[in-house]
file structure_31.cif (mmCIF, N, CA and C atoms)
data_my_file
#
loop_
_atom_site.label_atom_id
_atom_site.label_comp_id
_atom_site.auth_asym_id
_atom_site.auth_seq_id
_atom_site.Cartn_x
_atom_site.Cartn_y
_atom_site.Cartn_z
N MET T 1 0.83 -1.18 0.00
CA MET T 1 0.00 0.00 0.00
C MET T 1 0.87 1.24 0.00
N LYS T 2 0.50 2.21 -0.78
CA LYS T 2 1.20 3.49 -0.83
C LYS T 2 0.29 4.56 -0.30
N ASN T 3 0.87 5.72 -0.05
CA ASN T 3 0.05 6.84 0.40
C ASN T 3 -0.92 7.25 -0.69
N SER T 4 -2.11 7.60 -0.29
CA SER T 4 -3.14 8.01 -1.23
C SER T 4 -3.79 9.27 -0.70
N ILE T 5 -4.44 10.01 -1.61
CA ILE T 5 -5.31 11.06 -1.11
C ILE T 5 -6.35 10.37 -0.24
N ASP T 6 -6.86 11.06 0.75
CA ASP T 6 -7.77 10.38 1.66
C ASP T 6 -9.14 10.16 1.03
N ASN T 7 -9.90 9.28 1.65
CA ASN T 7 -11.19 8.86 1.10
C ASN T 7 -12.18 10.01 0.95
N HIS T 8 -12.13 10.99 1.83
CA HIS T 8 -13.05 12.13 1.73
C HIS T 8 -12.71 13.00 0.52
N VAL T 9 -11.42 13.27 0.32
CA VAL T 9 -10.99 14.04 -0.84
C VAL T 9 -11.30 13.26 -2.11
N LEU T 10 -11.05 11.96 -2.09
CA LEU T 10 -11.33 11.11 -3.24
C LEU T 10 -12.80 11.19 -3.64
N ARG T 11 -13.69 11.08 -2.68
CA ARG T 11 -15.13 11.16 -2.96
C ARG T 11 -15.49 12.52 -3.56
N GLU T 12 -14.97 13.59 -2.96
CA GLU T 12 -15.25 14.94 -3.47
C GLU T 12 -14.76 15.10 -4.91
N GLU T 13 -13.58 14.58 -5.20
CA GLU T 13 -13.03 14.69 -6.55
C GLU T 13 -13.81 13.86 -7.55
N LEU T 14 -14.24 12.67 -7.16
CA LEU T 14 -15.06 11.86 -8.06
C LEU T 14 -16.37 12.59 -8.39
N ILE T 15 -16.99 13.19 -7.40
CA ILE T 15 -18.22 13.95 -7.64
C ILE T 15 -17.94 15.14 -8.56
N ARG T 16 -16.81 15.79 -8.36
CA ARG T 16 -16.42 16.91 -9.23
C ARG T 16 -16.25 16.45 -10.68
N HIS T 17 -15.87 15.18 -10.87
CA HIS T 17 -15.69 14.62 -12.21
C HIS T 17 -16.97 14.00 -12.76
N GLY T 18 -18.10 14.27 -12.12
CA GLY T 18 -19.38 13.83 -12.66
C GLY T 18 -19.95 12.56 -12.09
N PHE T 19 -19.31 11.98 -11.08
CA PHE T 19 -19.86 10.80 -10.43
C PHE T 19 -21.01 11.22 -9.52
N GLN T 20 -21.98 10.32 -9.36
CA GLN T 20 -23.09 10.55 -8.45
C GLN T 20 -23.00 9.55 -7.31
N ASP T 21 -23.25 10.04 -6.10
CA ASP T 21 -23.23 9.15 -4.94
C ASP T 21 -24.51 8.34 -4.96
N ILE T 22 -24.38 7.02 -5.09
CA ILE T 22 -25.55 6.12 -5.12
C ILE T 22 -25.61 5.27 -3.86
N THR T 23 -24.88 5.69 -2.82
CA THR T 23 -24.89 4.97 -1.56
C THR T 23 -26.30 5.01 -0.98
N SER T 24 -26.78 3.88 -0.52
CA SER T 24 -28.10 3.81 0.09
C SER T 24 -28.17 4.72 1.31
N VAL T 25 -29.26 5.44 1.45
CA VAL T 25 -29.46 6.32 2.59
C VAL T 25 -29.40 5.52 3.89
N ASN T 26 -29.92 4.33 3.86
CA ASN T 26 -29.95 3.46 5.05
C ASN T 26 -28.77 2.51 5.09
N ARG T 27 -27.65 2.93 4.53
CA ARG T 27 -26.51 2.02 4.38
C ARG T 27 -25.96 1.56 5.72
N SER T 28 -25.52 0.35 5.72
CA SER T 28 -24.78 -0.17 6.86
C SER T 28 -23.42 -0.66 6.35
N THR T 29 -23.07 -0.22 5.14
CA THR T 29 -21.83 -0.65 4.51
C THR T 29 -20.65 0.20 4.98
N LYS T 30 -19.48 -0.27 4.63
CA LYS T 30 -18.26 0.42 5.01
C LYS T 30 -17.62 1.10 3.81
N SER T 31 -18.48 1.54 2.88
CA SER T 31 -17.97 2.26 1.71
C SER T 31 -19.06 3.15 1.13
N TRP T 32 -18.60 4.15 0.38
CA TRP T 32 -19.51 4.94 -0.45
C TRP T 32 -19.50 4.31 -1.82
N ARG T 33 -20.62 4.33 -2.50
CA ARG T 33 -20.70 3.88 -3.88
C ARG T 33 -21.00 5.08 -4.76
N LEU T 34 -20.25 5.18 -5.84
CA LEU T 34 -20.43 6.27 -6.78
C LEU T 34 -20.49 5.72 -8.20
N LYS T 35 -21.32 6.35 -9.01
CA LYS T 35 -21.54 5.88 -10.38
C LYS T 35 -21.39 7.04 -11.34
N HIS T 36 -20.72 6.78 -12.45
CA HIS T 36 -20.60 7.78 -13.51
C HIS T 36 -21.38 7.28 -14.71
N PRO T 37 -22.14 8.15 -15.38
CA PRO T 37 -22.96 7.69 -16.50
C PRO T 37 -22.15 7.09 -17.65
N ALA T 38 -20.87 7.41 -17.74
CA ALA T 38 -20.05 6.87 -18.83
C ALA T 38 -19.40 5.53 -18.47
N MET T 39 -19.61 5.06 -17.24
CA MET T 39 -19.01 3.79 -16.81
C MET T 39 -20.09 2.75 -16.56
N THR T 40 -19.79 1.51 -16.89
CA THR T 40 -20.74 0.41 -16.68
C THR T 40 -20.90 0.09 -15.20
N HIS T 41 -19.80 0.12 -14.46
CA HIS T 41 -19.80 -0.31 -13.06
C HIS T 41 -19.61 0.87 -12.12
N TRP T 42 -20.18 0.75 -10.92
CA TRP T 42 -19.95 1.76 -9.90
C TRP T 42 -18.57 1.55 -9.30
N VAL T 43 -18.08 2.56 -8.59
CA VAL T 43 -16.82 2.47 -7.85
C VAL T 43 -17.15 2.58 -6.37
N SER T 44 -16.26 2.08 -5.54
CA SER T 44 -16.41 2.20 -4.09
C SER T 44 -15.27 3.04 -3.54
N VAL T 45 -15.60 3.79 -2.50
CA VAL T 45 -14.59 4.51 -1.73
C VAL T 45 -14.72 3.97 -0.31
N LYS T 46 -13.66 3.33 0.17
CA LYS T 46 -13.71 2.69 1.49
C LYS T 46 -13.84 3.73 2.61
N LEU T 47 -14.52 3.31 3.67
CA LEU T 47 -14.69 4.14 4.87
C LEU T 47 -13.95 3.52 6.04
N ALA T 48 -13.48 4.37 6.93
CA ALA T 48 -12.88 3.90 8.18
C ALA T 48 -14.00 3.44 9.11
N ALA T 49 -13.63 2.75 10.18
CA ALA T 49 -14.63 2.31 11.17
C ALA T 49 -15.47 3.49 11.65
N ASP T 50 -14.83 4.63 11.85
CA ASP T 50 -15.53 5.88 12.14
C ASP T 50 -15.59 6.64 10.82
N PRO T 51 -16.75 6.68 10.16
CA PRO T 51 -16.84 7.27 8.83
C PRO T 51 -16.38 8.73 8.74
N SER T 52 -16.36 9.44 9.85
CA SER T 52 -15.91 10.83 9.80
C SER T 52 -14.39 10.93 9.75
N ARG T 53 -13.71 9.83 10.04
CA ARG T 53 -12.24 9.82 10.04
C ARG T 53 -11.73 9.53 8.62
N ALA T 54 -10.76 10.32 8.20
CA ALA T 54 -10.16 10.11 6.88
C ALA T 54 -9.26 8.87 6.91
N MET T 55 -9.19 8.18 5.77
CA MET T 55 -8.27 7.04 5.65
C MET T 55 -7.58 7.10 4.30
N THR T 56 -6.35 6.60 4.24
CA THR T 56 -5.56 6.67 3.01
C THR T 56 -5.08 5.31 2.53
N SER T 57 -5.60 4.24 3.08
CA SER T 57 -5.16 2.89 2.74
C SER T 57 -5.94 2.35 1.54
N ASP T 58 -5.38 2.52 0.34
CA ASP T 58 -6.02 2.04 -0.90
C ASP T 58 -7.53 2.29 -0.91
N PRO T 59 -7.96 3.55 -0.88
CA PRO T 59 -9.39 3.83 -0.68
C PRO T 59 -10.30 3.59 -1.89
N LEU T 60 -9.76 3.53 -3.10
CA LEU T 60 -10.58 3.39 -4.30
C LEU T 60 -10.69 1.92 -4.68
N VAL T 61 -11.91 1.40 -4.77
CA VAL T 61 -12.12 0.00 -5.15
C VAL T 61 -12.90 -0.04 -6.45
N LEU T 62 -12.36 -0.82 -7.41
CA LEU T 62 -12.94 -0.91 -8.74
C LEU T 62 -13.41 -2.32 -9.06
N HIS T 63 -14.41 -2.40 -9.91
CA HIS T 63 -14.88 -3.67 -10.47
C HIS T 63 -13.69 -4.33 -11.17
N PRO T 64 -13.63 -5.67 -11.15
CA PRO T 64 -12.49 -6.35 -11.79
C PRO T 64 -12.25 -5.95 -13.25
N ASP T 65 -13.29 -5.70 -14.03
CA ASP T 65 -13.11 -5.28 -15.42
C ASP T 65 -12.42 -3.92 -15.49
N ASP T 66 -12.88 -2.99 -14.66
CA ASP T 66 -12.27 -1.66 -14.63
C ASP T 66 -10.85 -1.73 -14.08
N ALA T 67 -10.66 -2.58 -13.07
CA ALA T 67 -9.32 -2.75 -12.50
C ALA T 67 -8.36 -3.30 -13.55
N ASP T 68 -8.81 -4.25 -14.35
CA ASP T 68 -7.95 -4.79 -15.41
C ASP T 68 -7.57 -3.71 -16.41
N ARG T 69 -8.51 -2.86 -16.76
CA ARG T 69 -8.23 -1.76 -17.69
C ARG T 69 -7.16 -0.84 -17.10
N LEU T 70 -7.31 -0.50 -15.82
CA LEU T 70 -6.36 0.40 -15.18
C LEU T 70 -5.01 -0.29 -15.00
N LYS T 71 -5.02 -1.56 -14.60
CA LYS T 71 -3.75 -2.28 -14.42
C LYS T 71 -2.99 -2.41 -15.74
N SER T 72 -3.72 -2.54 -16.86
CA SER T 72 -3.05 -2.67 -18.16
C SER T 72 -2.36 -1.38 -18.58
N ALA T 73 -2.74 -0.26 -17.98
CA ALA T 73 -2.12 1.03 -18.28
C ALA T 73 -0.93 1.33 -17.37
N MET T 74 -0.66 0.43 -16.41
CA MET T 74 0.43 0.64 -15.48
C MET T 74 1.77 0.46 -16.18
N PRO T 75 2.83 1.14 -15.78
CA PRO T 75 2.81 2.06 -14.64
C PRO T 75 2.15 3.39 -15.01
N LEU T 76 1.36 3.88 -14.11
CA LEU T 76 0.68 5.15 -14.25
C LEU T 76 1.15 6.00 -13.07
N PRO T 77 1.81 7.11 -13.32
CA PRO T 77 2.38 7.90 -12.21
C PRO T 77 1.35 8.22 -11.13
N GLY T 78 1.70 7.87 -9.89
CA GLY T 78 0.86 8.19 -8.75
C GLY T 78 -0.28 7.23 -8.49
N VAL T 79 -0.37 6.15 -9.26
CA VAL T 79 -1.45 5.17 -9.10
C VAL T 79 -0.82 3.82 -8.78
N SER T 80 -1.33 3.16 -7.74
CA SER T 80 -0.84 1.82 -7.41
C SER T 80 -2.02 0.94 -7.04
N VAL T 81 -1.83 -0.36 -7.21
CA VAL T 81 -2.89 -1.33 -6.97
C VAL T 81 -2.45 -2.30 -5.88
N GLY T 82 -3.41 -2.77 -5.10
CA GLY T 82 -3.13 -3.79 -4.10
C GLY T 82 -2.67 -5.07 -4.78
N ASP T 83 -2.05 -5.97 -4.02
CA ASP T 83 -1.49 -7.18 -4.61
C ASP T 83 -2.48 -8.33 -4.73
N LYS T 84 -3.70 -8.15 -4.22
CA LYS T 84 -4.72 -9.19 -4.34
C LYS T 84 -6.10 -8.53 -4.29
N PRO T 85 -7.14 -9.24 -4.73
CA PRO T 85 -8.49 -8.65 -4.69
C PRO T 85 -8.86 -8.21 -3.28
N TYR T 86 -9.60 -7.11 -3.20
CA TYR T 86 -10.05 -6.59 -1.91
C TYR T 86 -11.39 -7.24 -1.59
N LYS T 87 -11.46 -7.93 -0.46
CA LYS T 87 -12.62 -8.74 -0.15
C LYS T 87 -13.59 -8.11 0.83
N GLY T 88 -13.56 -6.80 0.98
CA GLY T 88 -14.53 -6.14 1.85
C GLY T 88 -15.94 -6.38 1.33
N SER T 89 -16.84 -6.76 2.20
CA SER T 89 -18.18 -7.14 1.76
C SER T 89 -18.94 -6.00 1.08
N SER T 90 -18.66 -4.77 1.46
CA SER T 90 -19.41 -3.65 0.87
C SER T 90 -18.87 -3.24 -0.49
N THR T 91 -17.77 -3.84 -0.91
CA THR T 91 -17.18 -3.47 -2.19
C THR T 91 -17.20 -4.61 -3.19
N LYS T 92 -18.03 -5.62 -2.95
CA LYS T 92 -18.12 -6.74 -3.89
C LYS T 92 -19.12 -6.42 -4.99
N TYR T 93 -18.83 -6.95 -6.16
CA TYR T 93 -19.68 -6.77 -7.34
C TYR T 93 -20.32 -8.11 -7.64
N ASP T 94 -21.58 -8.27 -7.29
CA ASP T 94 -22.29 -9.55 -7.46
C ASP T 94 -21.46 -10.70 -6.89
N GLY T 95 -20.92 -10.49 -5.71
CA GLY T 95 -20.16 -11.53 -5.02
C GLY T 95 -18.69 -11.61 -5.39
N VAL T 96 -18.26 -10.84 -6.40
CA VAL T 96 -16.87 -10.87 -6.85
C VAL T 96 -16.12 -9.70 -6.21
N PRO T 97 -14.98 -9.98 -5.58
CA PRO T 97 -14.23 -8.88 -4.95
C PRO T 97 -13.68 -7.90 -5.99
N GLY T 98 -13.66 -6.64 -5.62
CA GLY T 98 -13.03 -5.62 -6.45
C GLY T 98 -11.55 -5.53 -6.14
N TRP T 99 -10.89 -4.58 -6.77
CA TRP T 99 -9.46 -4.33 -6.55
C TRP T 99 -9.30 -2.93 -5.97
N ALA T 100 -8.47 -2.82 -4.93
CA ALA T 100 -8.25 -1.55 -4.26
C ALA T 100 -7.03 -0.85 -4.85
N PHE T 101 -7.18 0.45 -5.04
CA PHE T 101 -6.13 1.29 -5.61
C PHE T 101 -5.84 2.47 -4.69
N SER T 102 -4.61 2.96 -4.79
CA SER T 102 -4.22 4.23 -4.17
C SER T 102 -3.95 5.22 -5.28
N VAL T 103 -4.36 6.45 -5.06
CA VAL T 103 -4.03 7.54 -5.98
C VAL T 103 -3.36 8.63 -5.13
N GLU T 104 -2.13 8.94 -5.45
CA GLU T 104 -1.32 9.79 -4.59
C GLU T 104 -1.68 11.26 -4.64
N SER T 105 -2.44 11.67 -5.66
CA SER T 105 -2.78 13.09 -5.81
C SER T 105 -4.03 13.22 -6.65
N VAL T 106 -4.56 14.43 -6.68
CA VAL T 106 -5.71 14.71 -7.53
C VAL T 106 -5.32 14.51 -9.00
N ASP T 107 -4.10 14.90 -9.35
CA ASP T 107 -3.63 14.69 -10.73
C ASP T 107 -3.57 13.21 -11.08
N ALA T 108 -3.11 12.38 -10.14
CA ALA T 108 -3.06 10.93 -10.38
C ALA T 108 -4.47 10.37 -10.58
N LEU T 109 -5.43 10.87 -9.81
CA LEU T 109 -6.81 10.43 -10.00
C LEU T 109 -7.28 10.80 -11.40
N GLY T 110 -6.96 11.99 -11.85
CA GLY T 110 -7.32 12.39 -13.21
C GLY T 110 -6.73 11.47 -14.26
N ARG T 111 -5.48 11.05 -14.07
CA ARG T 111 -4.86 10.10 -15.01
C ARG T 111 -5.60 8.76 -14.99
N ALA T 112 -5.95 8.29 -13.79
CA ALA T 112 -6.68 7.02 -13.68
C ALA T 112 -8.05 7.12 -14.36
N LEU T 113 -8.75 8.21 -14.12
CA LEU T 113 -10.06 8.38 -14.74
C LEU T 113 -9.96 8.49 -16.25
N GLY T 114 -8.87 9.08 -16.73
CA GLY T 114 -8.64 9.16 -18.17
C GLY T 114 -8.54 7.79 -18.81
N VAL T 115 -8.02 6.81 -18.08
CA VAL T 115 -7.94 5.43 -18.57
C VAL T 115 -9.30 4.75 -18.46
N LEU T 116 -10.03 5.02 -17.39
CA LEU T 116 -11.27 4.31 -17.11
C LEU T 116 -12.47 4.79 -17.93
N MET T 117 -12.47 6.06 -18.31
CA MET T 117 -13.61 6.60 -19.02
C MET T 117 -13.53 6.28 -20.51
N PRO T 118 -14.65 5.94 -21.13
CA PRO T 118 -14.66 5.72 -22.57
C PRO T 118 -14.13 6.95 -23.29
N GLY T 119 -13.26 6.72 -24.23
CA GLY T 119 -12.66 7.84 -24.98
C GLY T 119 -11.53 8.52 -24.21
N GLY T 120 -11.22 8.03 -23.00
CA GLY T 120 -10.12 8.58 -22.23
C GLY T 120 -10.42 9.91 -21.58
N SER T 121 -11.69 10.28 -21.49
CA SER T 121 -12.05 11.58 -20.91
C SER T 121 -12.51 11.40 -19.48
N ALA T 122 -11.94 12.21 -18.59
CA ALA T 122 -12.34 12.15 -17.18
C ALA T 122 -13.37 13.21 -16.84
N SER T 123 -13.75 14.01 -17.80
CA SER T 123 -14.71 15.08 -17.49
C SER T 123 -16.13 14.56 -17.53
N ALA T 124 -17.02 15.31 -16.87
CA ALA T 124 -18.43 14.92 -16.81
C ALA T 124 -19.11 15.14 -18.14
#

call {"tool": "encode", "arguments": {"input": "structure_31.cif", "output": "structure tokens"}}
result
Amino acid sequence: MKNSIDNHVLREELIRHGFQDITSVNRSTKSWRLKHPAMTHWVSVKLAADPSRAMTSDPLVLHPDDADRLKSAMPLPGVSVGDKPYKGSSTKYDGVPGWAFSVESVDALGRALGVLMPGGSASA
């Protein structure tokens, strides 16, 4: 695991890039879920045990298909991936674990989104 922007900053930046928070109002999960209209799968942003506390431990979790796309673009400056699937129950996609990533800066997140978005565009 490498240092990442914290989960709160990550969520704010994803929303700034056109993602919508689709987390259930009555959630009991340990992550926020966000969806972008240009992406097939939602993304997760992990939460600490105390959701008001920031965390920087690989906070971005992607569907395996999206993770494969991002991993195929590696090395990507400021972006790193965990060494195995992340098995947190709130970040599973139809029972399949996602992959956790760290993004060291807002610029690194922009580079990652450029790979993940159709046409390479991270804008809304």

call {"tool": "closest_residue", "arguments": {"input": "structure_31.cif", "among": "T:Leu34, T:Ile22, T:Arg111, T:Pro64", "to": "T:Val96", "atoms": "all atoms listed in the file"}}
result
T:Pro64

call {"tool": "residues_around", "arguments": {"input": "structure_31.cif", "residues": "T:Ser31", "least_positions_apart": "6", "cutoff": "10 Å", "atoms": "only C-alpha atoms", "output": "list in words"}}
result
Asn7, Thr23, Val43, Ser44, Val45, Lys46, Leu47, Ala48, Pro51, Pro59, Leu60, Val61, Gly88, Ser89, Ser90 and Thr91 of chain T

call {"tool": "atom_distance", "arguments": {"input": "structure_31.cif", "atom1": "atom CA of T:Asp94", "atom2": "atom CA of T:Thr40"}}
result
13.7 Å

call {"tool": "select_by_dssp", "arguments": {"input": "structure_31.cif", "residues": "stretch 30-110 of chain T", "states": "strand (DSSP E or B)", "output": "list in words"}}
result
Ser31, Trp32, Arg33, Leu34, Lys35, Val43, Ser44, Val45, Lys46, Leu60, Val61, Leu62, Val79, Ser80, Val81, Tyr86, Tyr93, Val96, Gly98, Trp99, Ala100, Phe101, Ser102 and Val103 of chain T

call {"tool": "atom_distance", "arguments": {"input": "structure_31.cif", "atom1": "atom N of T:Gln20", "atom2": "atom C of T:Ala108"}}
result
17.6 Å

call {"tool": "select_by_dssp", "arguments": {"input": "structure_31.cif", "residues": "stretch 10-67 of chain T", "states": "alpha helix (DSSP H)", "output": "PyMOL selection string"}}
result
chain T and resi 10-16+64-67

call {"tool": "closest_residue", "arguments": {"input": "structure_31.cif", "among": "T:Met39, T:Ala112, T:Ile5, T:Met117", "to": "T:Asp58", "atoms": "all atoms listed in the file"}}
result
T:Ile5
